[in-house]
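Undergrad: Next comes the structure file work.txt, holding compact mmCIF, N, CA and C atoms.
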# COMPACT_ATOMS: atom_id res chain seq x y z
N MET A 277 -15.47 1.94 4.16
CA MET A 277 -14.81 3.20 4.00
C MET A 277 -15.16 4.13 5.14
N GLY A 278 -16.38 4.05 5.64
CA GLY A 278 -16.75 4.93 6.74
C GLY A 278 -17.81 5.92 6.33
N ILE A 279 -18.07 6.86 7.19
CA ILE A 279 -19.07 7.89 6.93
C ILE A 279 -18.47 8.93 6.00
N VAL A 280 -19.23 9.28 4.97
CA VAL A 280 -18.78 10.27 4.01
C VAL A 280 -19.48 11.58 4.32
N GLN A 281 -18.74 12.56 4.83
CA GLN A 281 -19.31 13.85 5.18
C GLN A 281 -18.69 14.93 4.31
N THR A 282 -19.49 15.84 3.85
CA THR A 282 -19.00 16.92 3.01
C THR A 282 -20.01 18.05 2.98
N ASN A 283 -19.61 19.18 2.44
CA ASN A 283 -20.54 20.29 2.27
C ASN A 283 -21.10 20.30 0.85
N LYS A 284 -20.95 19.20 0.12
CA LYS A 284 -21.44 19.08 -1.25
C LYS A 284 -22.96 18.86 -1.23
N PRO A 285 -23.65 19.19 -2.34
CA PRO A 285 -25.10 18.95 -2.41
C PRO A 285 -25.44 17.48 -2.19
N HIS A 286 -26.54 17.20 -1.53
CA HIS A 286 -26.91 15.83 -1.18
C HIS A 286 -27.40 15.02 -2.37
N ASP A 287 -27.56 15.61 -3.53
CA ASP A 287 -28.02 14.85 -4.69
C ASP A 287 -26.86 14.40 -5.58
N MET A 288 -25.63 14.58 -5.12
CA MET A 288 -24.49 14.16 -5.94
C MET A 288 -23.81 12.95 -5.32
N ASN A 289 -23.02 12.28 -6.13
CA ASN A 289 -22.21 11.17 -5.64
C ASN A 289 -20.86 11.72 -5.21
N ILE A 290 -20.42 11.33 -4.04
CA ILE A 290 -19.12 11.74 -3.55
C ILE A 290 -18.03 10.88 -4.19
N ILE A 291 -18.37 9.63 -4.52
CA ILE A 291 -17.47 8.72 -5.24
C ILE A 291 -18.22 8.18 -6.44
N GLU A 292 -17.57 8.27 -7.59
CA GLU A 292 -18.10 7.68 -8.82
C GLU A 292 -16.99 6.92 -9.51
N ALA A 293 -17.16 5.64 -9.62
CA ALA A 293 -16.22 4.81 -10.37
C ALA A 293 -17.04 4.04 -11.39
N ASN A 294 -16.68 4.19 -12.63
CA ASN A 294 -17.46 3.59 -13.71
C ASN A 294 -16.61 2.68 -14.58
N ASN A 295 -17.11 1.47 -14.79
CA ASN A 295 -16.53 0.51 -15.74
C ASN A 295 -15.05 0.25 -15.50
N LEU A 296 -14.68 0.07 -14.23
CA LEU A 296 -13.28 -0.19 -13.91
C LEU A 296 -12.89 -1.61 -14.27
N VAL A 297 -11.72 -1.72 -14.87
CA VAL A 297 -11.11 -3.01 -15.19
C VAL A 297 -9.70 -2.97 -14.63
N TYR A 298 -9.32 -4.04 -13.92
CA TYR A 298 -7.96 -4.07 -13.39
C TYR A 298 -7.41 -5.49 -13.45
N LYS A 299 -6.20 -5.61 -13.99
CA LYS A 299 -5.49 -6.89 -14.07
C LYS A 299 -4.12 -6.72 -13.46
N TYR A 300 -3.69 -7.73 -12.67
CA TYR A 300 -2.32 -7.72 -12.18
C TYR A 300 -1.36 -8.14 -13.28
N ASN A 301 -1.83 -9.03 -14.14
CA ASN A 301 -1.07 -9.45 -15.32
C ASN A 301 -2.08 -10.00 -16.32
N SER A 302 -1.60 -10.47 -17.45
CA SER A 302 -2.51 -10.91 -18.51
C SER A 302 -3.39 -12.09 -18.11
N LYS A 303 -2.98 -12.83 -17.09
CA LYS A 303 -3.75 -14.01 -16.66
C LYS A 303 -4.54 -13.78 -15.37
N GLN A 304 -4.28 -12.69 -14.66
CA GLN A 304 -4.91 -12.47 -13.36
C GLN A 304 -5.79 -11.22 -13.39
N LEU A 305 -7.04 -11.41 -13.77
CA LEU A 305 -8.03 -10.34 -13.78
C LEU A 305 -8.57 -10.17 -12.37
N VAL A 306 -8.44 -8.97 -11.80
CA VAL A 306 -8.95 -8.71 -10.45
C VAL A 306 -10.44 -8.42 -10.53
N PHE A 307 -10.83 -7.51 -11.40
CA PHE A 307 -12.24 -7.27 -11.65
C PHE A 307 -12.43 -6.71 -13.06
N ASN A 308 -13.63 -6.89 -13.56
CA ASN A 308 -13.94 -6.53 -14.93
C ASN A 308 -15.23 -5.72 -14.97
N ASN A 309 -15.11 -4.46 -15.32
CA ASN A 309 -16.27 -3.61 -15.55
C ASN A 309 -17.13 -3.39 -14.29
N ILE A 310 -16.49 -3.03 -13.18
CA ILE A 310 -17.27 -2.72 -11.98
C ILE A 310 -17.53 -1.23 -11.90
N SER A 311 -18.63 -0.89 -11.27
CA SER A 311 -18.98 0.51 -11.05
C SER A 311 -19.43 0.67 -9.61
N VAL A 312 -19.04 1.78 -8.99
CA VAL A 312 -19.42 2.08 -7.61
C VAL A 312 -19.85 3.53 -7.57
N HIS A 313 -21.03 3.79 -7.00
CA HIS A 313 -21.52 5.15 -6.83
C HIS A 313 -21.92 5.33 -5.37
N VAL A 314 -21.27 6.26 -4.69
CA VAL A 314 -21.54 6.50 -3.27
C VAL A 314 -22.13 7.90 -3.13
N PRO A 315 -23.41 8.00 -2.79
CA PRO A 315 -24.03 9.31 -2.61
C PRO A 315 -23.50 10.02 -1.36
N VAL A 316 -23.53 11.34 -1.39
CA VAL A 316 -23.14 12.14 -0.23
C VAL A 316 -23.94 11.70 0.99
N GLY A 317 -23.26 11.57 2.13
CA GLY A 317 -23.91 11.22 3.38
C GLY A 317 -24.13 9.74 3.59
N SER A 318 -23.68 8.91 2.67
CA SER A 318 -23.87 7.46 2.76
C SER A 318 -22.75 6.80 3.55
N ILE A 319 -23.04 5.61 4.03
CA ILE A 319 -22.04 4.77 4.69
C ILE A 319 -21.88 3.52 3.84
N TYR A 320 -20.64 3.26 3.43
CA TYR A 320 -20.35 2.11 2.59
C TYR A 320 -19.22 1.30 3.18
N GLY A 321 -19.24 0.02 2.93
CA GLY A 321 -18.15 -0.87 3.32
C GLY A 321 -17.93 -1.87 2.20
N PHE A 322 -16.77 -2.48 2.20
CA PHE A 322 -16.44 -3.51 1.22
C PHE A 322 -16.34 -4.84 1.94
N LEU A 323 -17.13 -5.80 1.50
CA LEU A 323 -17.10 -7.15 2.06
C LEU A 323 -16.76 -8.12 0.94
N GLY A 324 -15.98 -9.13 1.27
CA GLY A 324 -15.67 -10.15 0.28
C GLY A 324 -14.53 -11.02 0.73
N ALA A 325 -14.37 -12.11 0.04
CA ALA A 325 -13.31 -13.06 0.35
C ALA A 325 -11.95 -12.45 0.03
N ASN A 326 -10.90 -13.07 0.58
CA ASN A 326 -9.54 -12.66 0.22
C ASN A 326 -9.37 -12.77 -1.29
N GLY A 327 -8.77 -11.74 -1.87
CA GLY A 327 -8.54 -11.75 -3.31
C GLY A 327 -9.72 -11.27 -4.14
N ALA A 328 -10.79 -10.80 -3.50
CA ALA A 328 -11.98 -10.37 -4.23
C ALA A 328 -11.81 -8.99 -4.88
N GLY A 329 -10.80 -8.22 -4.47
CA GLY A 329 -10.56 -6.91 -5.08
C GLY A 329 -10.90 -5.72 -4.20
N LYS A 330 -11.17 -5.95 -2.93
CA LYS A 330 -11.53 -4.84 -2.02
C LYS A 330 -10.39 -3.84 -1.89
N THR A 331 -9.21 -4.32 -1.54
CA THR A 331 -8.06 -3.44 -1.36
C THR A 331 -7.66 -2.79 -2.68
N THR A 332 -7.70 -3.56 -3.75
CA THR A 332 -7.37 -3.02 -5.07
C THR A 332 -8.32 -1.88 -5.43
N THR A 333 -9.60 -2.06 -5.16
CA THR A 333 -10.59 -1.01 -5.45
C THR A 333 -10.27 0.26 -4.67
N LEU A 334 -10.00 0.12 -3.37
CA LEU A 334 -9.68 1.29 -2.56
C LEU A 334 -8.41 1.97 -3.03
N LYS A 335 -7.40 1.19 -3.38
CA LYS A 335 -6.15 1.78 -3.88
C LYS A 335 -6.36 2.51 -5.20
N LEU A 336 -7.23 1.99 -6.05
CA LEU A 336 -7.56 2.69 -7.30
C LEU A 336 -8.29 4.00 -7.01
N LEU A 337 -9.25 3.95 -6.09
CA LEU A 337 -10.02 5.15 -5.76
C LEU A 337 -9.13 6.26 -5.20
N LEU A 338 -8.07 5.88 -4.49
CA LEU A 338 -7.16 6.86 -3.91
C LEU A 338 -5.99 7.21 -4.82
N GLY A 339 -5.93 6.59 -5.98
CA GLY A 339 -4.84 6.88 -6.90
C GLY A 339 -3.53 6.22 -6.50
N LEU A 340 -3.58 5.21 -5.62
CA LEU A 340 -2.37 4.50 -5.21
C LEU A 340 -1.97 3.46 -6.25
N LEU A 341 -2.93 3.04 -7.05
CA LEU A 341 -2.67 2.20 -8.22
C LEU A 341 -3.18 2.96 -9.43
N LYS A 342 -2.51 2.80 -10.55
CA LYS A 342 -2.93 3.48 -11.76
C LYS A 342 -4.08 2.72 -12.40
N LYS A 343 -5.13 3.45 -12.65
CA LYS A 343 -6.32 2.88 -13.28
C LYS A 343 -5.97 2.41 -14.68
N GLN A 344 -6.48 1.24 -15.07
CA GLN A 344 -6.20 0.71 -16.40
C GLN A 344 -7.32 1.05 -17.38
N LYS A 345 -8.56 0.86 -16.95
CA LYS A 345 -9.71 1.24 -17.77
C LYS A 345 -10.80 1.74 -16.86
N GLY A 346 -11.61 2.66 -17.36
CA GLY A 346 -12.73 3.18 -16.60
C GLY A 346 -12.50 4.61 -16.17
N GLU A 347 -13.41 5.10 -15.34
CA GLU A 347 -13.37 6.50 -14.88
C GLU A 347 -13.57 6.53 -13.37
N ILE A 348 -12.76 7.37 -12.69
CA ILE A 348 -12.89 7.56 -11.25
C ILE A 348 -13.00 9.05 -10.95
N LYS A 349 -14.07 9.40 -10.22
CA LYS A 349 -14.23 10.78 -9.75
C LYS A 349 -14.50 10.75 -8.26
N ILE A 350 -13.80 11.62 -7.54
CA ILE A 350 -14.02 11.82 -6.11
C ILE A 350 -14.31 13.31 -5.94
N PHE A 351 -15.33 13.66 -5.20
CA PHE A 351 -15.75 15.06 -5.06
C PHE A 351 -16.00 15.69 -6.44
N ASP A 352 -16.48 14.90 -7.38
CA ASP A 352 -16.79 15.34 -8.75
C ASP A 352 -15.54 15.79 -9.52
N LYS A 353 -14.37 15.28 -9.12
CA LYS A 353 -13.11 15.61 -9.80
C LYS A 353 -12.41 14.30 -10.16
N THR A 354 -11.77 14.27 -11.32
CA THR A 354 -11.06 13.06 -11.71
C THR A 354 -9.81 12.88 -10.87
N ILE A 355 -9.56 11.65 -10.49
CA ILE A 355 -8.41 11.35 -9.64
C ILE A 355 -7.10 11.59 -10.39
N GLU A 356 -7.07 11.36 -11.69
CA GLU A 356 -5.84 11.53 -12.46
C GLU A 356 -5.34 12.98 -12.44
N LYS A 357 -6.25 13.92 -12.56
CA LYS A 357 -5.86 15.33 -12.67
C LYS A 357 -5.88 16.08 -11.34
N ASN A 358 -6.53 15.52 -10.32
CA ASN A 358 -6.75 16.25 -9.07
C ASN A 358 -6.37 15.45 -7.84
N ARG A 359 -5.48 14.48 -7.97
CA ARG A 359 -5.19 13.55 -6.88
C ARG A 359 -4.77 14.24 -5.58
N ILE A 360 -3.79 15.13 -5.64
CA ILE A 360 -3.30 15.79 -4.43
C ILE A 360 -4.40 16.61 -3.77
N GLU A 361 -5.15 17.36 -4.56
CA GLU A 361 -6.25 18.16 -4.02
C GLU A 361 -7.31 17.27 -3.35
N ILE A 362 -7.63 16.15 -3.99
CA ILE A 362 -8.61 15.21 -3.44
C ILE A 362 -8.10 14.60 -2.15
N LEU A 363 -6.84 14.16 -2.13
CA LEU A 363 -6.30 13.47 -0.96
C LEU A 363 -6.20 14.39 0.26
N LYS A 364 -6.15 15.68 0.07
CA LYS A 364 -6.12 16.61 1.20
C LYS A 364 -7.42 16.56 2.00
N ASP A 365 -8.50 16.06 1.37
CA ASP A 365 -9.80 15.99 2.03
C ASP A 365 -10.22 14.57 2.40
N ILE A 366 -9.29 13.63 2.31
CA ILE A 366 -9.62 12.22 2.56
C ILE A 366 -8.68 11.66 3.62
N GLY A 367 -9.21 10.84 4.47
CA GLY A 367 -8.39 10.05 5.38
C GLY A 367 -8.61 8.59 5.06
N SER A 368 -7.56 7.82 5.00
CA SER A 368 -7.72 6.40 4.71
C SER A 368 -6.67 5.59 5.44
N LEU A 369 -7.00 4.36 5.71
CA LEU A 369 -6.07 3.42 6.31
C LEU A 369 -6.35 2.08 5.65
N ILE A 370 -5.48 1.71 4.74
CA ILE A 370 -5.67 0.47 4.00
C ILE A 370 -4.73 -0.57 4.57
N GLU A 371 -5.31 -1.66 5.07
CA GLU A 371 -4.57 -2.74 5.69
C GLU A 371 -3.78 -2.23 6.89
N THR A 372 -2.52 -2.55 7.01
CA THR A 372 -1.71 -2.17 8.16
C THR A 372 -0.99 -0.86 7.90
N PRO A 373 -1.05 0.10 8.82
CA PRO A 373 -0.36 1.36 8.57
C PRO A 373 1.15 1.18 8.57
N SER A 374 1.81 1.94 7.74
CA SER A 374 3.27 1.92 7.71
C SER A 374 3.78 2.94 8.72
N ILE A 375 4.27 2.43 9.83
CA ILE A 375 4.83 3.30 10.86
C ILE A 375 6.16 2.73 11.31
N TYR A 376 6.95 3.58 11.88
CA TYR A 376 8.22 3.17 12.44
C TYR A 376 8.05 3.11 13.95
N SER A 377 8.12 1.90 14.52
CA SER A 377 7.82 1.72 15.95
C SER A 377 8.86 2.37 16.85
N HIS A 378 10.05 2.67 16.35
CA HIS A 378 11.07 3.31 17.18
C HIS A 378 10.90 4.83 17.23
N LEU A 379 9.96 5.38 16.44
CA LEU A 379 9.70 6.82 16.44
C LEU A 379 8.42 7.12 17.21
N THR A 380 8.31 8.33 17.68
CA THR A 380 7.07 8.77 18.33
C THR A 380 6.01 8.98 17.27
N ALA A 381 4.77 9.14 17.73
CA ALA A 381 3.67 9.42 16.80
C ALA A 381 3.95 10.71 16.02
N ALA A 382 4.43 11.75 16.72
CA ALA A 382 4.72 13.02 16.06
C ALA A 382 5.81 12.86 15.00
N GLU A 383 6.82 12.06 15.30
CA GLU A 383 7.89 11.84 14.31
C GLU A 383 7.37 11.07 13.10
N ASN A 384 6.52 10.07 13.32
CA ASN A 384 5.90 9.36 12.20
C ASN A 384 5.03 10.30 11.38
N LEU A 385 4.26 11.13 12.05
CA LEU A 385 3.40 12.09 11.34
C LEU A 385 4.23 13.09 10.53
N THR A 386 5.36 13.48 11.03
CA THR A 386 6.22 14.41 10.30
C THR A 386 6.69 13.79 8.98
N ILE A 387 7.02 12.51 9.01
CA ILE A 387 7.41 11.82 7.78
C ILE A 387 6.27 11.85 6.77
N TRP A 388 5.06 11.48 7.21
CA TRP A 388 3.93 11.45 6.29
C TRP A 388 3.50 12.85 5.87
N GLN A 389 3.67 13.83 6.74
CA GLN A 389 3.37 15.22 6.38
C GLN A 389 4.21 15.65 5.19
N LYS A 390 5.48 15.26 5.19
CA LYS A 390 6.37 15.63 4.09
C LYS A 390 6.01 14.87 2.81
N VAL A 391 5.66 13.60 2.94
CA VAL A 391 5.29 12.80 1.77
C VAL A 391 4.06 13.40 1.10
N TYR A 392 3.04 13.74 1.90
CA TYR A 392 1.77 14.22 1.34
C TYR A 392 1.67 15.74 1.28
N GLN A 393 2.71 16.43 1.67
CA GLN A 393 2.77 17.89 1.60
C GLN A 393 1.58 18.53 2.32
N CYS A 394 1.29 18.04 3.51
CA CYS A 394 0.21 18.59 4.32
C CYS A 394 0.75 19.71 5.21
N ASN A 395 -0.15 20.46 5.78
CA ASN A 395 0.21 21.55 6.66
C ASN A 395 0.86 21.01 7.94
N PRO A 396 2.12 21.39 8.24
CA PRO A 396 2.80 20.87 9.43
C PRO A 396 2.16 21.32 10.74
N LYS A 397 1.33 22.33 10.72
CA LYS A 397 0.67 22.81 11.94
C LYS A 397 -0.28 21.77 12.53
N ARG A 398 -0.73 20.82 11.71
CA ARG A 398 -1.67 19.81 12.20
C ARG A 398 -0.99 18.69 12.97
N ILE A 399 0.33 18.60 12.90
CA ILE A 399 1.03 17.48 13.53
C ILE A 399 0.77 17.42 15.03
N ASN A 400 0.87 18.55 15.73
CA ASN A 400 0.62 18.55 17.18
C ASN A 400 -0.80 18.12 17.49
N GLU A 401 -1.75 18.63 16.75
CA GLU A 401 -3.15 18.29 16.96
C GLU A 401 -3.39 16.79 16.77
N VAL A 402 -2.87 16.25 15.69
CA VAL A 402 -3.09 14.84 15.38
C VAL A 402 -2.26 13.94 16.29
N SER A 403 -1.06 14.35 16.63
CA SER A 403 -0.22 13.49 17.48
C SER A 403 -0.79 13.33 18.87
N VAL A 404 -1.52 14.32 19.36
CA VAL A 404 -2.19 14.18 20.65
C VAL A 404 -3.19 13.03 20.58
N LEU A 405 -3.91 12.93 19.47
CA LEU A 405 -4.85 11.82 19.28
C LEU A 405 -4.10 10.50 19.16
N ALA A 406 -3.02 10.50 18.40
CA ALA A 406 -2.26 9.27 18.16
C ALA A 406 -1.60 8.75 19.41
N GLU A 407 -1.28 9.62 20.36
CA GLU A 407 -0.64 9.20 21.61
C GLU A 407 -1.67 8.71 22.63
N SER A 408 -2.94 8.82 22.31
CA SER A 408 -3.98 8.41 23.26
C SER A 408 -4.02 6.89 23.40
N PRO A 409 -4.62 6.38 24.47
CA PRO A 409 -4.71 4.92 24.68
C PRO A 409 -5.43 4.20 23.55
N LEU A 410 -6.27 4.92 22.82
CA LEU A 410 -6.99 4.33 21.68
C LEU A 410 -6.02 3.73 20.67
N PHE A 411 -4.85 4.32 20.52
CA PHE A 411 -3.88 3.88 19.53
C PHE A 411 -2.69 3.16 20.18
N ALA A 412 -2.86 2.66 21.37
CA ALA A 412 -1.76 1.98 22.09
C ALA A 412 -1.24 0.82 21.25
N GLY A 413 0.07 0.67 21.24
CA GLY A 413 0.69 -0.43 20.51
C GLY A 413 1.02 -0.13 19.08
N LEU A 414 0.71 1.09 18.61
CA LEU A 414 1.00 1.46 17.22
C LEU A 414 2.28 2.26 17.11
N GLY A 415 3.11 2.23 18.10
CA GLY A 415 4.34 3.01 18.07
C GLY A 415 4.18 4.30 18.85
N GLY A 416 5.23 5.02 19.01
CA GLY A 416 5.18 6.27 19.76
C GLY A 416 5.44 6.02 21.23
N ASN A 417 5.58 7.10 21.95
CA ASN A 417 5.89 7.01 23.38
C ASN A 417 4.73 7.56 24.20
Can the structure from this file be put into structure tokens for me?
TA:
Amino acid sequence: MGIVQTNKPHDMNIIEANNLVYKYNSKQLVFNNISVHVPVGSIYGFLGANGAGKTTTLKLLLGLLKKQKGEIKIFDKTIEKNRIEILKDIGSLIETPSIYSHLTAAENLTIWQKVYQCNPKRINEVSVLAESPLFAGLGGN
């Protein structure tokens, strides 16, 4: 996930997931009763074989998949009731980013800005980074 930085007290968990259960269908259990606690200032990563549940866990933590059982709190707030507020303070890239290669970085960012209802003033700032050689080959001009 990366470095977790915040102005929250150092004795709290920035991520708390308790007793999560997730099934794709009645025969395909992804995980059963897992818990993850990430203290403020910690660095965490997910390692495991294909199909182990890494991506599913991250999608649950971000509210991209609906939790079936258990509790998820990010910044001490439940994801179900505070998803948009929580996502405003999180950056994530799960698997391959969805971008349109025929659009510039700024045009791609404008699409995502509207989806996530973020402040449009940040597009210029972020697009300068996206147009840098660091992101070469990800679309844009």
Undergrad: Name the closest residue to A:Val312 among the candidates A:Ala293, A:Ile362, A:Asn326, A:Lys299; distances are taken between atoms, counting only N, CA and C atoms.
TA: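 Nearest to A:Val312: A:Ala293.
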Undergrad: Would you please work out which residue, of A:Met288, A:Leu334, A:Leu296, A:Leu341, is nearest to A:Pro315 when using all atoms listed in the file?
TA: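 Checking each candidate against A:Pro315, we get A:Met288 as the closest.
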Undergrad: List the spatial neighbours of A:Leu385 as a list in words - criterion: any atom at most 7 Å away, only C-alpha atoms, same-chain residues fewer than 4 positions off excluded.
TA: Ala381, Gln389 and Ile399 of chain A
Undergrad: In Å, with one decimal, what is the gap from atom N of A:Ile348 to atom C of A:Glu292?
TA: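 These two atoms are separated by 5.3 Å.
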Undergrad: Interatomic distance between atom CA of A:Leu338 and atom CA of A:Ile355?
TA: 7.4 Å
Undergrad: If I take atom N of A:Thr332 and atom CA of A:Lys345, how far is one from the other in Å, to one decimal?
TA: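 Straight-line distance from atom N of A:Thr332 to atom CA of A:Lys345 works out to 15.0 Å.
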Undergrad: Name the residues in contact with A:Gln393 at a cut-off of 12 Å, using only C-alpha atoms, excluding same-chain residues fewer than 4 positions from it; report them as number ranges by chain.
TA: A: 360-361, 363-364, 385-389, 397-398
Undergrad: With distances taken over only N, CA and C atoms, which of A:Arg359, A:Ile290, A:Leu369, A:Asn301 is nearest to A:Ser318?
TA: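 Checking each candidate against A:Ser318, we get A:Ile290 as the closest.
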Undergrad: DSSP on the backbone: what in stretch 279-358 of chain A comes out strand (DSSP E), as a ChimeraX atom specification?
TA: /A:279,289-301,304-315,319-320,345-350,353-354
Undergrad: Emit the selected residues as a short mmCIF file (atom, residue, chain, number, x, y, z; two decimals), keeping the file's coordinate frame, including N, CA and C atoms.
TA:
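The resulting file, out_25.cif, is reproduced below:
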data_model
loop_
_atom_site.label_atom_id
_atom_site.label_comp_id
_atom_site.auth_asym_id
_atom_site.auth_seq_id
_atom_site.Cartn_x
_atom_site.Cartn_y
_atom_site.Cartn_z
N ILE A 279 -18.07 6.86 7.19
CA ILE A 279 -19.07 7.89 6.93
C ILE A 279 -18.47 8.93 6.00
N ASN A 289 -23.02 12.28 -6.13
CA ASN A 289 -22.21 11.17 -5.64
C ASN A 289 -20.86 11.72 -5.21
N ILE A 290 -20.42 11.33 -4.04
CA ILE A 290 -19.12 11.74 -3.55
C ILE A 290 -18.03 10.88 -4.19
N ILE A 291 -18.37 9.63 -4.52
CA ILE A 291 -17.47 8.72 -5.24
C ILE A 291 -18.22 8.18 -6.44
N GLU A 292 -17.57 8.27 -7.59
CA GLU A 292 -18.10 7.68 -8.82
C GLU A 292 -16.99 6.92 -9.51
N ALA A 293 -17.16 5.64 -9.62
CA ALA A 293 -16.22 4.81 -10.37
C ALA A 293 -17.04 4.04 -11.39
N ASN A 294 -16.68 4.19 -12.63
CA ASN A 294 -17.46 3.59 -13.71
C ASN A 294 -16.61 2.68 -14.58
N ASN A 295 -17.11 1.47 -14.79
CA ASN A 295 -16.53 0.51 -15.74
C ASN A 295 -15.05 0.25 -15.50
N LEU A 296 -14.68 0.07 -14.23
CA LEU A 296 -13.28 -0.19 -13.91
C LEU A 296 -12.89 -1.61 -14.27
N VAL A 297 -11.72 -1.72 -14.87
CA VAL A 297 -11.11 -3.01 -15.19
C VAL A 297 -9.70 -2.97 -14.63
N TYR A 298 -9.32 -4.04 -13.92
CA TYR A 298 -7.96 -4.07 -13.39
C TYR A 298 -7.41 -5.49 -13.45
N LYS A 299 -6.20 -5.61 -13.99
CA LYS A 299 -5.49 -6.89 -14.07
C LYS A 299 -4.12 -6.72 -13.46
N TYR A 300 -3.69 -7.73 -12.67
CA TYR A 300 -2.32 -7.72 -12.18
C TYR A 300 -1.36 -8.14 -13.28
N ASN A 301 -1.83 -9.03 -14.14
CA ASN A 301 -1.07 -9.45 -15.32
C ASN A 301 -2.08 -10.00 -16.32
N GLN A 304 -4.28 -12.69 -14.66
CA GLN A 304 -4.91 -12.47 -13.36
C GLN A 304 -5.79 -11.22 -13.39
N LEU A 305 -7.04 -11.41 -13.77
CA LEU A 305 -8.03 -10.34 -13.78
C LEU A 305 -8.57 -10.17 -12.37
N VAL A 306 -8.44 -8.97 -11.80
CA VAL A 306 -8.95 -8.71 -10.45
C VAL A 306 -10.44 -8.42 -10.53
N PHE A 307 -10.83 -7.51 -11.40
CA PHE A 307 -12.24 -7.27 -11.65
C PHE A 307 -12.43 -6.71 -13.06
N ASN A 308 -13.63 -6.89 -13.56
CA ASN A 308 -13.94 -6.53 -14.93
C ASN A 308 -15.23 -5.72 -14.97
N ASN A 309 -15.11 -4.46 -15.32
CA ASN A 309 -16.27 -3.61 -15.55
C ASN A 309 -17.13 -3.39 -14.29
N ILE A 310 -16.49 -3.03 -13.18
CA ILE A 310 -17.27 -2.72 -11.98
C ILE A 310 -17.53 -1.23 -11.90
N SER A 311 -18.63 -0.89 -11.27
CA SER A 311 -18.98 0.51 -11.05
C SER A 311 -19.43 0.67 -9.61
N VAL A 312 -19.04 1.78 -8.99
CA VAL A 312 -19.42 2.08 -7.61
C VAL A 312 -19.85 3.53 -7.57
N HIS A 313 -21.03 3.79 -7.00
CA HIS A 313 -21.52 5.15 -6.83
C HIS A 313 -21.92 5.33 -5.37
N VAL A 314 -21.27 6.26 -4.69
CA VAL A 314 -21.54 6.50 -3.27
C VAL A 314 -22.13 7.90 -3.13
N PRO A 315 -23.41 8.00 -2.79
CA PRO A 315 -24.03 9.31 -2.61
C PRO A 315 -23.50 10.02 -1.36
N ILE A 319 -23.04 5.61 4.03
CA ILE A 319 -22.04 4.77 4.69
C ILE A 319 -21.88 3.52 3.84
N TYR A 320 -20.64 3.26 3.43
CA TYR A 320 -20.35 2.11 2.59
C TYR A 320 -19.22 1.30 3.18
N LYS A 345 -8.56 0.86 -16.95
CA LYS A 345 -9.71 1.24 -17.77
C LYS A 345 -10.80 1.74 -16.86
N GLY A 346 -11.61 2.66 -17.36
CA GLY A 346 -12.73 3.18 -16.60
C GLY A 346 -12.50 4.61 -16.17
N GLU A 347 -13.41 5.10 -15.34
CA GLU A 347 -13.37 6.50 -14.88
C GLU A 347 -13.57 6.53 -13.37
N ILE A 348 -12.76 7.37 -12.69
CA ILE A 348 -12.89 7.56 -11.25
C ILE A 348 -13.00 9.05 -10.95
N LYS A 349 -14.07 9.40 -10.22
CA LYS A 349 -14.23 10.78 -9.75
C LYS A 349 -14.50 10.75 -8.26
N ILE A 350 -13.80 11.62 -7.54
CA ILE A 350 -14.02 11.82 -6.11
C ILE A 350 -14.31 13.31 -5.94
N LYS A 353 -14.37 15.28 -9.12
CA LYS A 353 -13.11 15.61 -9.80
C LYS A 353 -12.41 14.30 -10.16
N THR A 354 -11.77 14.27 -11.32
CA THR A 354 -11.06 13.06 -11.71
C THR A 354 -9.81 12.88 -10.87
#
Undergrad: Based on DSSP run over this structure's backbone, return all residues of chain A in alpha helix (DSSP H), as a PyMOL selection string.
TA: chain A and resi 330-337+355-363+381-392+398-406
